[in-house]
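File shown: start.cif. Contents: mmCIF, C-alpha atoms and all ligand atoms.
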data_model
#
loop_
_atom_site.label_atom_id
_atom_site.label_comp_id
_atom_site.auth_asym_id
_atom_site.auth_seq_id
_atom_site.Cartn_x
_atom_site.Cartn_y
_atom_site.Cartn_z
CA MET A 28 3.78 33.10 -16.35
CA SER A 29 5.81 34.70 -13.47
CA GLY A 30 9.57 35.15 -13.72
CA LEU A 31 10.00 32.49 -11.07
CA ALA A 32 7.79 30.07 -12.98
CA VAL A 33 9.99 30.68 -16.03
CA ARG A 34 13.13 30.03 -13.96
CA PHE A 35 11.51 26.90 -12.58
CA ARG A 36 10.71 25.66 -16.08
CA GLU A 37 14.27 26.37 -17.28
CA LEU A 38 15.84 24.39 -14.43
CA TRP A 39 13.20 21.67 -14.66
CA ASP A 40 13.81 21.18 -18.37
CA GLU A 41 17.46 20.39 -17.63
CA ILE A 42 16.48 17.17 -15.87
CA ALA A 43 13.12 16.33 -17.47
CA PRO A 44 14.61 14.13 -20.23
CA VAL A 45 16.89 12.19 -17.84
CA GLY A 46 15.62 8.64 -17.42
CA ARG A 47 12.31 9.20 -19.22
CA ASP A 48 11.03 6.12 -21.05
CA VAL A 49 10.07 6.99 -24.61
CA GLY A 50 7.31 4.39 -24.65
CA SER A 51 5.45 5.20 -21.43
CA GLY A 52 6.62 8.77 -20.79
CA GLY A 53 7.33 7.59 -17.26
CA TYR A 54 10.72 7.53 -15.54
CA LEU A 55 13.18 4.72 -14.93
CA ARG A 56 15.44 6.44 -12.40
CA TYR A 57 16.49 3.56 -10.19
CA ALA A 58 18.94 4.42 -7.42
CA LEU A 59 22.59 4.50 -8.51
CA THR A 60 21.83 3.52 -12.10
CA ALA A 61 22.92 5.66 -15.04
CA PRO A 62 19.94 8.08 -15.09
CA GLU A 63 20.01 8.68 -11.36
CA LEU A 64 23.79 9.03 -11.36
CA ARG A 65 23.39 11.70 -14.05
CA LEU A 66 20.92 13.54 -11.81
CA ARG A 67 23.39 13.32 -8.92
CA GLU A 68 26.07 14.84 -11.12
CA TRP A 69 23.59 17.56 -12.19
CA PHE A 70 22.94 18.21 -8.49
CA ARG A 71 26.65 18.58 -7.80
CA ALA A 72 27.02 20.96 -10.75
CA GLN A 73 24.05 23.07 -9.58
CA ALA A 74 25.47 23.20 -6.06
CA ASP A 75 28.83 24.20 -7.48
CA LEU A 76 27.20 27.01 -9.47
CA ARG A 77 25.81 28.27 -6.16
CA GLY A 78 29.06 27.89 -4.25
CA MET A 79 27.50 25.17 -2.11
CA PRO A 80 29.99 22.42 -1.17
CA VAL A 81 28.51 18.92 -1.45
CA SER A 82 29.22 16.25 1.14
CA GLU A 83 28.21 12.57 1.03
CA ASP A 84 27.40 10.66 4.23
CA GLY A 85 28.85 7.33 3.18
CA ASN A 86 25.35 5.95 2.55
CA GLY A 87 24.84 7.55 -0.85
CA ASN A 88 23.00 10.62 0.47
CA LEU A 89 24.22 13.97 -0.89
CA PHE A 90 24.13 17.25 1.04
CA ALA A 91 24.74 20.69 -0.53
CA TRP A 92 25.62 23.28 2.13
CA TRP A 93 24.80 27.01 2.09
CA GLY A 94 26.63 28.68 4.97
CA ASP A 95 29.59 27.98 7.20
CA PRO A 96 30.89 24.76 5.68
CA ASP A 97 34.21 23.63 7.13
CA THR A 98 36.77 21.76 5.07
CA ASP A 99 34.85 18.54 4.44
CA GLY A 100 31.59 20.27 3.56
CA ARG A 101 30.12 19.75 7.01
CA ALA A 102 28.93 22.73 8.99
CA GLY A 103 28.07 23.97 12.43
CA SER A 104 24.96 22.98 14.35
CA GLY A 105 21.43 24.27 13.82
CA ALA A 106 21.42 23.70 10.07
CA VAL A 107 18.05 23.63 8.31
CA LEU A 108 17.78 20.62 6.01
CA THR A 109 15.53 20.48 2.97
CA GLY A 110 15.51 18.45 -0.27
CA SER A 111 14.09 15.06 -1.27
CA HIS A 112 15.07 12.23 -3.67
CA PHE A 113 15.83 11.65 -7.38
CA ASP A 114 14.95 8.00 -7.71
CA SER A 115 11.59 6.87 -9.12
CA VAL A 116 9.32 3.86 -9.18
CA PRO A 117 9.26 2.05 -12.55
CA HIS A 118 7.61 4.41 -15.07
CA GLY A 119 6.97 6.86 -12.27
CA GLY A 120 6.12 10.52 -12.58
CA ALA A 121 8.51 13.41 -13.09
CA TYR A 122 7.76 15.28 -9.88
CA ASP A 123 7.83 12.67 -7.08
CA GLY A 124 11.17 13.49 -5.47
CA PRO A 125 12.96 15.81 -7.91
CA LEU A 126 10.45 18.60 -7.27
CA GLY A 127 11.70 18.85 -3.68
CA ILE A 128 15.32 19.15 -4.79
CA VAL A 129 14.78 21.60 -7.66
CA SER A 130 12.49 23.72 -5.48
CA ALA A 131 15.12 23.82 -2.72
CA LEU A 132 17.82 25.04 -5.12
CA LEU A 133 15.47 27.73 -6.44
CA ALA A 134 14.46 28.72 -2.90
CA VAL A 135 18.15 29.34 -2.13
CA ASP A 136 18.32 31.49 -5.28
CA GLU A 137 15.24 33.45 -4.18
CA LEU A 138 16.65 34.13 -0.73
CA ARG A 139 19.99 35.22 -2.15
CA ALA A 140 18.26 37.47 -4.72
CA ALA A 141 16.41 39.08 -1.81
CA GLY A 142 19.72 39.71 -0.06
CA VAL A 143 18.94 37.22 2.70
CA THR A 144 21.86 35.47 4.39
CA PRO A 145 21.14 32.60 6.76
CA VAL A 146 22.53 32.74 10.29
CA ARG A 147 22.43 28.94 10.27
CA PRO A 148 23.38 26.69 7.33
CA VAL A 149 20.71 25.74 4.81
CA VAL A 150 21.35 22.27 3.44
CA VAL A 151 19.78 20.66 0.36
CA ALA A 152 19.71 16.86 0.47
CA ALA A 153 19.33 14.24 -2.24
CA PHE A 154 18.48 11.01 -0.41
CA VAL A 155 19.25 7.70 -2.09
CA GLU A 156 16.73 4.91 -2.82
CA GLU A 157 13.65 6.59 -1.35
CA GLU A 158 11.29 4.49 -3.47
CA GLY A 159 12.93 1.15 -2.74
CA ALA A 160 12.35 0.33 -6.41
CA ARG A 161 15.80 -1.20 -6.90
CA PHE A 162 16.79 -2.68 -3.54
CA GLY A 163 13.34 -3.27 -2.04
CA VAL A 164 13.53 -1.13 1.10
CA PRO A 165 12.02 2.38 0.79
CA CYS A 166 13.80 5.38 2.30
CA LEU A 167 16.97 3.31 2.39
CA GLY A 168 19.27 6.35 2.49
CA SER A 169 17.46 8.14 5.30
CA ARG A 170 17.03 4.87 7.22
CA LEU A 171 20.80 4.34 6.99
CA LEU A 172 21.62 7.90 8.07
CA THR A 173 19.34 7.58 11.12
CA GLY A 174 20.38 4.03 11.97
CA GLU A 175 16.89 2.69 11.29
CA ILE A 176 18.36 -0.03 9.12
CA ASP A 177 21.50 -1.98 9.86
CA ALA A 178 24.34 -1.12 7.47
CA ASP A 179 25.17 -4.80 6.89
CA ARG A 180 21.56 -5.63 6.03
CA ALA A 181 21.47 -2.65 3.65
CA ALA A 182 24.81 -3.63 2.10
CA GLY A 183 23.43 -7.06 1.24
CA LEU A 184 20.16 -5.93 -0.36
CA ARG A 185 20.19 -7.02 -3.99
CA ASP A 186 18.43 -5.76 -7.12
CA ALA A 187 16.75 -7.95 -9.73
CA ALA A 188 20.13 -8.54 -11.43
CA GLY A 189 21.69 -9.63 -8.14
CA VAL A 190 23.76 -6.47 -7.67
CA SER A 191 24.08 -5.57 -3.99
CA PHE A 192 23.55 -2.08 -2.62
CA ALA A 193 27.19 -2.08 -1.47
CA GLU A 194 28.35 -2.97 -4.99
CA ALA A 195 26.16 -0.25 -6.50
CA LEU A 196 27.39 2.26 -3.92
CA GLY A 197 30.97 1.19 -4.45
CA HIS A 198 31.54 0.44 -0.77
CA ARG A 199 29.82 -0.83 2.35
CA PRO A 200 27.36 1.87 3.50
CA ALA A 201 28.64 3.81 6.50
CA GLY A 202 25.39 3.46 8.43
CA ALA A 203 24.18 5.77 11.18
CA ASP A 204 25.84 9.18 11.38
CA PRO A 205 24.61 10.80 14.60
CA ALA A 206 27.21 13.57 14.34
CA LEU A 207 25.86 14.63 10.94
CA LEU A 208 22.26 14.20 12.03
CA GLY A 209 22.99 16.31 15.09
CA ARG A 210 24.03 19.20 12.86
CA PHE A 211 20.42 19.58 11.62
CA ALA A 212 17.84 21.51 13.65
CA ALA A 213 14.94 20.77 11.30
CA PHE A 214 14.04 19.06 8.04
CA VAL A 215 11.42 20.42 5.63
CA GLU A 216 10.62 18.31 2.56
CA LEU A 217 8.64 19.78 -0.32
CA HIS A 218 6.83 17.14 -2.38
CA VAL A 219 4.24 16.97 -5.11
CA GLU A 220 0.89 16.02 -3.61
CA GLN A 221 -0.08 12.42 -4.39
CA GLY A 222 -3.80 13.03 -4.34
CA ARG A 223 -6.32 15.76 -5.15
CA ALA A 224 -6.94 17.43 -1.79
CA LEU A 225 -5.29 20.68 -2.92
CA VAL A 226 -7.41 20.68 -6.07
CA ASP A 227 -10.50 20.40 -3.89
CA ALA A 228 -9.14 23.05 -1.50
CA ASP A 229 -8.30 25.30 -4.45
CA ALA A 230 -4.85 25.99 -2.95
CA PRO A 231 -1.36 25.55 -4.49
CA VAL A 232 0.50 24.53 -1.32
CA ALA A 233 -0.32 22.63 1.89
CA VAL A 234 1.53 21.71 5.07
CA GLY A 235 1.76 18.03 5.97
CA SER A 236 0.26 16.83 9.24
CA ALA A 237 0.91 13.09 9.24
CA ILE A 238 1.94 10.01 7.23
CA TRP A 239 -0.21 6.92 7.50
CA PRO A 240 1.48 3.87 8.97
CA HIS A 241 2.36 1.53 6.12
CA GLY A 242 4.59 -1.33 5.10
CA ARG A 243 5.52 -4.04 2.60
CA TRP A 244 4.96 -7.77 3.12
CA ARG A 245 6.34 -10.49 0.83
CA PHE A 246 3.90 -13.40 0.30
CA GLU A 247 5.76 -16.49 -0.97
CA LEU A 248 3.55 -19.33 -2.20
CA ARG A 249 5.08 -22.70 -3.07
CA GLY A 250 3.20 -25.48 -4.88
CA GLU A 251 4.12 -28.10 -7.41
CA GLY A 252 5.32 -27.15 -10.86
CA ASN A 253 3.76 -29.35 -13.49
CA HIS A 254 2.61 -29.65 -17.11
CA ALA A 255 -0.33 -27.40 -18.02
CA GLY A 256 -1.67 -29.92 -20.51
CA THR A 257 -1.35 -33.23 -18.72
CA THR A 258 -2.03 -32.38 -15.07
CA ARG A 259 -5.66 -32.86 -14.05
CA MET A 260 -7.15 -29.88 -12.16
CA GLY A 261 -7.81 -32.00 -9.08
CA ASP A 262 -4.19 -33.15 -8.95
CA ARG A 263 -2.68 -29.67 -8.89
CA ARG A 264 -1.04 -27.71 -6.07
CA ASP A 265 -1.15 -24.41 -7.90
CA PRO A 266 0.25 -21.38 -5.97
CA MET A 267 -1.27 -19.03 -8.56
CA LEU A 268 -4.73 -19.95 -7.25
CA THR A 269 -3.70 -19.13 -3.68
CA PHE A 270 -2.10 -15.91 -4.88
CA ALA A 271 -5.15 -14.82 -6.87
CA PHE A 272 -7.36 -15.45 -3.85
CA THR A 273 -4.95 -13.47 -1.65
CA VAL A 274 -5.10 -10.46 -3.95
CA LEU A 275 -8.89 -10.47 -3.87
CA ALA A 276 -8.85 -10.92 -0.10
CA ALA A 277 -6.50 -7.94 0.30
CA ASN A 278 -8.82 -5.79 -1.79
CA LYS A 279 -11.88 -6.81 0.23
CA GLU A 280 -10.26 -6.51 3.68
CA ALA A 281 -8.90 -3.05 2.82
CA ARG A 282 -12.29 -1.83 1.66
CA LEU A 283 -13.90 -3.15 4.82
CA ARG A 284 -11.44 -1.04 6.85
CA ASP A 285 -11.31 2.07 4.67
CA ALA A 286 -7.58 1.25 4.31
CA HIS A 287 -5.36 0.75 1.26
CA ALA A 288 -3.95 -2.57 0.04
CA THR A 289 -2.07 -3.02 -3.20
CA VAL A 290 -0.39 -5.97 -4.87
CA GLY A 291 1.45 -4.37 -7.76
CA ARG A 292 4.45 -6.64 -8.00
CA VAL A 293 4.55 -10.41 -8.56
CA SER A 294 7.14 -12.94 -9.68
CA VAL A 295 6.30 -16.42 -10.95
CA GLU A 296 8.52 -19.47 -11.34
CA PRO A 297 9.01 -20.84 -13.93
CA ASN A 298 6.75 -18.17 -15.52
CA ALA A 299 5.90 -20.32 -18.54
CA THR A 300 2.57 -20.28 -20.34
CA ASN A 301 2.36 -24.07 -20.41
CA ALA A 302 3.53 -24.83 -16.88
CA VAL A 303 1.65 -24.86 -13.59
CA PRO A 304 3.78 -22.53 -11.44
CA SER A 305 5.98 -23.97 -8.72
CA THR A 306 6.30 -20.66 -6.86
CA VAL A 307 4.44 -17.34 -6.88
CA THR A 308 5.77 -14.39 -4.89
CA GLY A 309 3.69 -11.25 -4.45
CA TRP A 310 4.30 -8.08 -2.44
CA LEU A 311 1.51 -6.53 -0.40
CA ASP A 312 1.71 -2.76 0.16
CA ALA A 313 -0.68 -2.02 3.01
CA ARG A 314 -1.54 1.33 4.59
CA ALA A 315 -4.14 2.65 7.00
CA ALA A 316 -4.84 5.80 9.00
CA ALA A 317 -4.27 4.00 12.32
CA PRO A 318 -1.67 1.38 13.32
CA GLU A 319 -4.25 -1.02 14.73
CA THR A 320 -6.25 -0.86 11.49
CA LEU A 321 -3.10 -1.66 9.52
CA ASP A 322 -2.25 -4.57 11.81
CA GLY A 323 -5.79 -5.92 11.48
CA LEU A 324 -5.70 -5.61 7.71
CA VAL A 325 -2.40 -7.46 7.30
CA GLU A 326 -3.41 -10.19 9.75
CA ALA A 327 -6.74 -10.69 7.96
CA VAL A 328 -5.02 -11.01 4.59
CA ARG A 329 -2.43 -13.39 6.00
CA ALA A 330 -5.13 -15.56 7.62
CA LYS A 331 -7.21 -15.69 4.42
CA ALA A 332 -4.13 -16.60 2.39
CA ALA A 333 -3.17 -19.34 4.85
CA GLU A 334 -6.70 -20.79 4.79
CA ARG A 335 -6.71 -20.87 1.00
CA ALA A 336 -3.19 -22.37 0.93
CA ARG A 337 -4.45 -25.30 3.00
CA ARG A 338 -7.25 -25.88 0.46
CA ASP A 339 -4.83 -25.63 -2.48
CA GLY A 340 -2.12 -27.75 -0.88
CA THR A 341 0.34 -24.91 -1.19
CA GLU A 342 2.76 -23.50 1.37
CA LEU A 343 2.69 -19.84 2.45
CA THR A 344 5.47 -17.73 3.94
CA VAL A 345 4.79 -14.09 4.83
CA THR A 346 7.78 -11.80 5.49
CA ARG A 347 7.61 -8.14 6.48
CA GLU A 348 10.16 -6.30 4.35
CA SER A 349 9.64 -2.77 5.66
CA ALA A 350 7.34 -0.87 7.98
CA THR A 351 6.80 2.78 8.78
CA PRO A 352 4.86 3.70 11.91
CA LEU A 353 2.29 6.47 12.04
CA VAL A 354 4.25 9.70 11.58
CA THR A 355 2.84 12.85 13.12
CA PHE A 356 4.91 15.81 12.01
CA ASP A 357 6.28 18.08 14.72
CA GLY A 358 3.20 19.97 15.87
CA GLY A 359 5.07 23.14 16.77
CA LEU A 360 6.87 23.30 13.45
CA ALA A 361 3.80 22.35 11.43
CA ASP A 362 1.68 24.96 13.23
CA ARG A 363 4.37 27.58 12.67
CA LEU A 364 4.50 26.84 8.94
CA THR A 365 0.72 26.63 8.61
CA GLU A 366 0.40 30.09 10.14
CA LEU A 367 3.32 31.47 8.13
CA LEU A 368 1.91 30.22 4.84
CA ALA A 369 -1.81 30.43 5.68
CA ALA A 370 -1.98 27.03 3.99
CA PRO A 371 -4.27 24.03 4.46
CA VAL A 372 -3.00 21.01 6.42
CA LEU A 373 -3.00 17.53 4.87
CA PRO A 374 -2.23 13.99 6.00
CA THR A 375 -0.84 11.63 3.41
CA GLY A 376 -0.78 7.91 2.74
CA ALA A 377 2.54 8.26 0.91
CA GLY A 378 5.85 7.53 2.57
CA HIS A 379 8.72 10.00 2.47
CA ASP A 380 12.23 10.49 3.88
CA ALA A 381 10.55 13.11 6.07
CA GLY A 382 8.66 10.21 7.64
CA VAL A 383 11.94 8.63 8.68
CA LEU A 384 13.66 11.81 9.86
CA ALA A 385 10.58 12.88 11.84
CA ALA A 386 11.62 10.46 14.60
CA HIS A 387 14.99 12.17 14.90
CA LEU A 388 14.47 15.93 14.46
CA PRO A 389 11.64 18.45 14.01
CA THR A 390 10.29 17.70 10.55
CA ALA A 391 7.65 19.16 8.28
CA MET A 392 6.38 18.66 4.74
CA LEU A 393 5.02 21.01 2.12
CA PHE A 394 2.80 19.63 -0.65
CA VAL A 395 2.39 21.21 -4.08
CA ARG A 396 -0.90 20.80 -5.96
CA ASN A 397 -1.12 17.96 -8.49
CA PRO A 398 -4.01 18.59 -10.89
CA THR A 399 -4.44 14.92 -11.76
CA GLY A 400 -3.81 13.73 -8.20
CA VAL A 401 -2.12 10.74 -9.85
CA SER A 402 1.37 9.66 -8.75
CA HIS A 403 3.74 6.76 -9.32
CA SER A 404 2.59 7.06 -12.92
CA PRO A 405 3.49 9.12 -16.02
CA ALA A 406 0.24 11.05 -15.46
CA GLU A 407 1.68 12.74 -12.35
CA SER A 408 1.79 16.49 -12.92
CA ALA A 409 2.08 19.98 -11.45
CA THR A 410 1.79 23.38 -13.15
CA ASP A 411 4.81 25.68 -13.35
CA ASP A 412 2.86 28.36 -11.49
CA ASP A 413 2.06 25.98 -8.63
CA CYS A 414 5.67 24.83 -8.56
CA ALA A 415 6.71 28.48 -8.34
CA ALA A 416 4.26 28.92 -5.46
CA GLY A 417 5.97 25.95 -3.81
CA VAL A 418 9.37 27.61 -4.21
CA VAL A 419 8.06 30.84 -2.68
CA ALA A 420 6.58 28.91 0.23
CA LEU A 421 9.77 26.92 0.80
CA ALA A 422 11.89 30.09 0.61
CA ARG A 423 9.68 31.72 3.26
CA VAL A 424 10.00 28.65 5.47
CA LEU A 425 13.78 28.53 5.10
CA GLU A 426 14.03 32.23 5.86
CA GLU A 427 11.82 31.74 8.93
CA LEU A 428 13.93 28.84 10.20
CA ALA A 429 17.47 29.74 9.17
CA CYS A 430 17.66 33.52 8.92
CA HIS A 431 16.61 34.76 12.31
O1 LIG B 501 5.67 4.32 -1.34
C1 LIG B 501 5.59 5.49 -1.01
O2 LIG B 501 4.62 5.91 -0.39
C2 LIG B 501 6.68 6.47 -1.38
O3 LIG B 501 6.35 7.04 -2.61
N1 LIG B 501 7.96 5.84 -1.41
MN MN B 502 7.08 7.95 -4.44
MN MN B 503 8.66 10.73 -3.04
#

Give the structure from this file in structure tokens form.
Amino acid sequence: MSGLAVRFRELWDEIAPVGRDVGSGGYLRYALTAPELRLREWFRAQADLRGMPVSEDGNGNLFAWWGDPDTDGRAGSGAVLTGSHFDSVPHGGAYDGPLGIVSALLAVDELRAAGVTPVRPVVVAAFVEEEGARFGVPCLGSRLLTGEIDADRAAGLRDAAGVSFAEALGHRPAGADPALLGRFAAFVELHVEQGRALVDADAPVAVGSAIWPHGRWRFELRGEGNHAGTTRMGDRRDPMLTFAFTVLAANKEARLRDAHATVGRVSVEPNATNAVPSTVTGWLDARAAAPETLDGLVEAVRAKAAERARRDGTELTVTRESATPLVTFDGGLADRLTELLAAPVLPTGAGHDAGVLAAHLPTAMLFVRNPTGVSHSPAESATDDDCAAGVVALARVLEELACH
């Protein structure tokens, strides 16, 4: 194993146990909860070891600065931003998010070891609540920074225990920060691939070309709670029936469109074995290569659910909770990195903070090979050698963008 792969493994092992569930081997790193707060403190300590002041943007996003920080940790214009997120989905993998942050810290080390000094600041970010696993809106931190979500709406988002984002943050989020955003000339996010394209391409690193449009829709189905043992089948208004039909419809309509539809989260009231439910709420995660395909998919699922609700005597409410348009990464930057790295180019169906920032500054993504291709699961993986190749690639990109 290369020296860099050994250094990667050493740094990686410092965070690997944080938030790992003993039972599943997956991670429970919800934004601003104890495990993620420990990772934020680790990040601050690592930045301190590197003499990189850390600023916070008032939304929970952290920024470690290499080069020209003034008193409050902010710096001059033209900074090159990199980094990713620490938070995970429930029982998620180790690499989704943290790999981008650890790789960025090691890329700074590599450049320094090579005697390289940036002429513009290099900034490593840790964005808050990228997965939306606690407060329901993905990329919450980057959406706040860019003004893509209203600070008051974000402040009022609540987790399953009823804790608001503002309470978890300790204050009302500051919201859009155009002055800070204006300090960055580009953003490059390194991320573990969430698929097997790099396995098939037999390459350790790829450059991102686009992010599929995608979003989350809440399907609320209301019926009539009743006794499971005394209520005749013909007398029921059972929202679970409508919900089950909706899930099957989503699967079929997605397949018909070569799109992706997932219902991985459901809540049932009263959620008792011997009670016909009164309410069933399910969340549809829908994604497609083209916006019009996505729109058609969601409308087809909504129409099928509404038709079934009429038959079941249940009431349906569909609410869009978040949406990300088709993101095409900055062609000039992507081309420049593709040529620099002689790497393949990949689209992705996964959302990222880079997908939010891409509307505000030149943005690119690097993907690191994932042998299983699996993500949002304990089976997510990457080899130390491929992670080292990711660090080398990111260091070359940062040198290209910040050192000339
Ligand atoms: O859902 C996504 O695609 C991302 O992992 N947040
Ligand atoms: Mn993810
Ligand atoms: Mn991610």

Restricting to only C-alpha atoms, whichever of A:Ala271, A:Ala188, A:Ala255, A:Leu133 is closest to Val33 in chain A is A:Leu133

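For the choices A:Ala381, A:Ala237, A:Ala206, A:Val215, the atom-to-atom distance to ligand MN 503 (chain B) is smallest for A:Ala381 when using all atoms listed in the file.
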
Closest of A:Phe356, A:Trp93, A:Trp39, A:Phe246 to Phe270 in chain A, counting only C-alpha atoms, is A:Phe246

Shortest contact to ligand MN 503 (chain B), candidates A:Asp380, A:Glu41, A:Glu319, A:Asp413, atoms counted only C-alpha atoms and all ligand atoms, goes to A:Asp380

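Minimum atom-to-atom distances from A:Cys166, A:Met79, A:Ile42, A:Leu55 to ligand LIG 501 (chain B) were compared using all atoms listed in the file, and the lowest value belongs to A:Cys166.
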
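Nearest residue to ligand MN 502 (chain B), choosing from A:Glu280, A:Asp227, A:Glu157, A:Glu342 and counting all atoms listed in the file: A:Glu157.
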
Close residues, Leu167 in chain A itself excluded, 8 Å, only C-alpha atoms, min 5 positions apart in chain, as a ChimeraX atom specification:
/A:155-157,159,176,181

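Of note, CA of Leu353 in chain A and CA of Thr320 in chain A are spaced 11.3 Å apart.
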
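CA of Phe113 in chain A is positioned 9.3 Å from CA of Leu64 in chain A.
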
Would you mind listing, for every residue of chain A within 8 Å of ligand LIG 501 (chain B), the two atoms forming the shortest contact and the distance between them in Å to one decimal, using only C-alpha atoms and all ligand atoms, sorted by chain and ascending residue number, as a Markdown table?
| residue | atom | partner | partner_atom | distance |
| --- | --- | --- | --- | --- |
| A:Val116 | CA | B:LIG501 | O3 | 7.9 |
| A:Asp123 | CA | B:LIG501 | O3 | 7.3 |
| A:Glu157 | CA | B:LIG501 | N1 | 5.7 |
| A:Glu158 | CA | B:LIG501 | N1 | 4.1 |
| A:Gly159 | CA | B:LIG501 | N1 | 7.0 |
| A:Pro165 | CA | B:LIG501 | N1 | 5.8 |
| A:Cys166 | CA | B:LIG501 | N1 | 6.9 |
| A:Gly376 | CA | B:LIG501 | O2 | 6.6 |
| A:Ala377 | CA | B:LIG501 | O2 | 3.4 |
| A:Gly378 | CA | B:LIG501 | O2 | 3.6 |
| A:His379 | CA | B:LIG501 | C2 | 5.6 |
| A:His403 | CA | B:LIG501 | O3 | 7.2 |

Correct to one decimal, the distance CA of Val107 in chain A-CA of Ala140 in chain A is 19.0 Å

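Using all atoms listed in the file, the contacts of Ala313 in chain A at a cut-off of 7 Å, with sequence neighbours closer than 5 positions omitted, comprise His241, Gly242, Arg243, His287, Ala288, Thr289 and Leu321 of chain A.
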
Margin query: Need to verify the contact set: range 301-306 of chain A, 9 Å, only C-alpha atoms, exclusion of same-chain residues closer than 5 positions in sequence. Can you return it as number ranges by chain?
Written below: A: 247-256, 258, 263-267, 294-296

Test item: residues at most 10 Å from Tyr54 in chain A, all atoms listed in the file, excluding those fewer than 5 positions along its chain, as number ranges by chain:
A: 43-49, 62, 114-121, 403-405

Within 10 Å of Ala153 in chain A, counting all atoms listed in the file, which residues qualify if same-chain residues fewer than 5 places away don't, as number ranges by chain?
A: 66-67, 70, 83, 87-91, 109-114, 124-125, 127-128, 168-169

Since the input lacks atoms, please generate all heavy atoms for range 168-172 of chain A and provide them as a PDB file, in the coordinates of the input.
ATOM      1  N   GLY A 168      18.225   5.390   2.124  1.00  0.00           N
ATOM      2  CA  GLY A 168      19.270   6.350   2.490  1.00  0.00           C
ATOM      3  C   GLY A 168      18.998   7.017   3.830  1.00  0.00           C
ATOM      4  O   GLY A 168      19.881   7.092   4.697  1.00  0.00           O
ATOM      5  N   SER A 169      17.767   7.465   4.027  1.00  0.00           N
ATOM      6  CA  SER A 169      17.460   8.140   5.300  1.00  0.00           C
ATOM      7  C   SER A 169      17.411   7.138   6.456  1.00  0.00           C
ATOM      8  O   SER A 169      17.765   7.461   7.596  1.00  0.00           O
ATOM      9  CB  SER A 169      16.146   8.910   5.190  1.00  0.00           C
ATOM     10  OG  SER A 169      15.093   8.084   4.722  1.00  0.00           O
ATOM     11  N   ARG A 170      17.010   5.895   6.162  1.00  0.00           N
ATOM     12  CA  ARG A 170      17.030   4.870   7.220  1.00  0.00           C
ATOM     13  C   ARG A 170      18.479   4.531   7.620  1.00  0.00           C
ATOM     14  O   ARG A 170      18.772   4.263   8.795  1.00  0.00           O
ATOM     15  CB  ARG A 170      16.311   3.596   6.774  1.00  0.00           C
ATOM     16  CG  ARG A 170      14.790   3.714   6.614  1.00  0.00           C
ATOM     17  CD  ARG A 170      14.177   2.398   6.172  1.00  0.00           C
ATOM     18  NE  ARG A 170      12.868   2.533   5.574  1.00  0.00           N
ATOM     19  CZ  ARG A 170      11.715   2.361   6.234  1.00  0.00           C
ATOM     20  NH1 ARG A 170      11.720   2.061   7.507  1.00  0.00           N
ATOM     21  NH2 ARG A 170      10.553   2.501   5.611  1.00  0.00           N
ATOM     22  N   LEU A 171      19.385   4.565   6.665  1.00  0.00           N
ATOM     23  CA  LEU A 171      20.800   4.340   6.990  1.00  0.00           C
ATOM     24  C   LEU A 171      21.355   5.503   7.811  1.00  0.00           C
ATOM     25  O   LEU A 171      21.971   5.307   8.852  1.00  0.00           O
ATOM     26  CB  LEU A 171      21.618   4.163   5.709  1.00  0.00           C
ATOM     27  CG  LEU A 171      21.637   2.758   5.112  1.00  0.00           C
ATOM     28  CD1 LEU A 171      22.101   2.793   3.666  1.00  0.00           C
ATOM     29  CD2 LEU A 171      22.508   1.814   5.949  1.00  0.00           C
ATOM     30  N   LEU A 172      21.103   6.718   7.371  1.00  0.00           N
ATOM     31  CA  LEU A 172      21.620   7.900   8.070  1.00  0.00           C
ATOM     32  C   LEU A 172      21.169   7.904   9.538  1.00  0.00           C
ATOM     33  O   LEU A 172      21.933   8.210  10.443  1.00  0.00           O
ATOM     34  CB  LEU A 172      21.123   9.175   7.377  1.00  0.00           C
ATOM     35  CG  LEU A 172      21.356  10.507   8.103  1.00  0.00           C
ATOM     36  CD1 LEU A 172      22.847  10.784   8.286  1.00  0.00           C
ATOM     37  CD2 LEU A 172      20.672  11.651   7.357  1.00  0.00           C
TER      38      LEU A 172
END
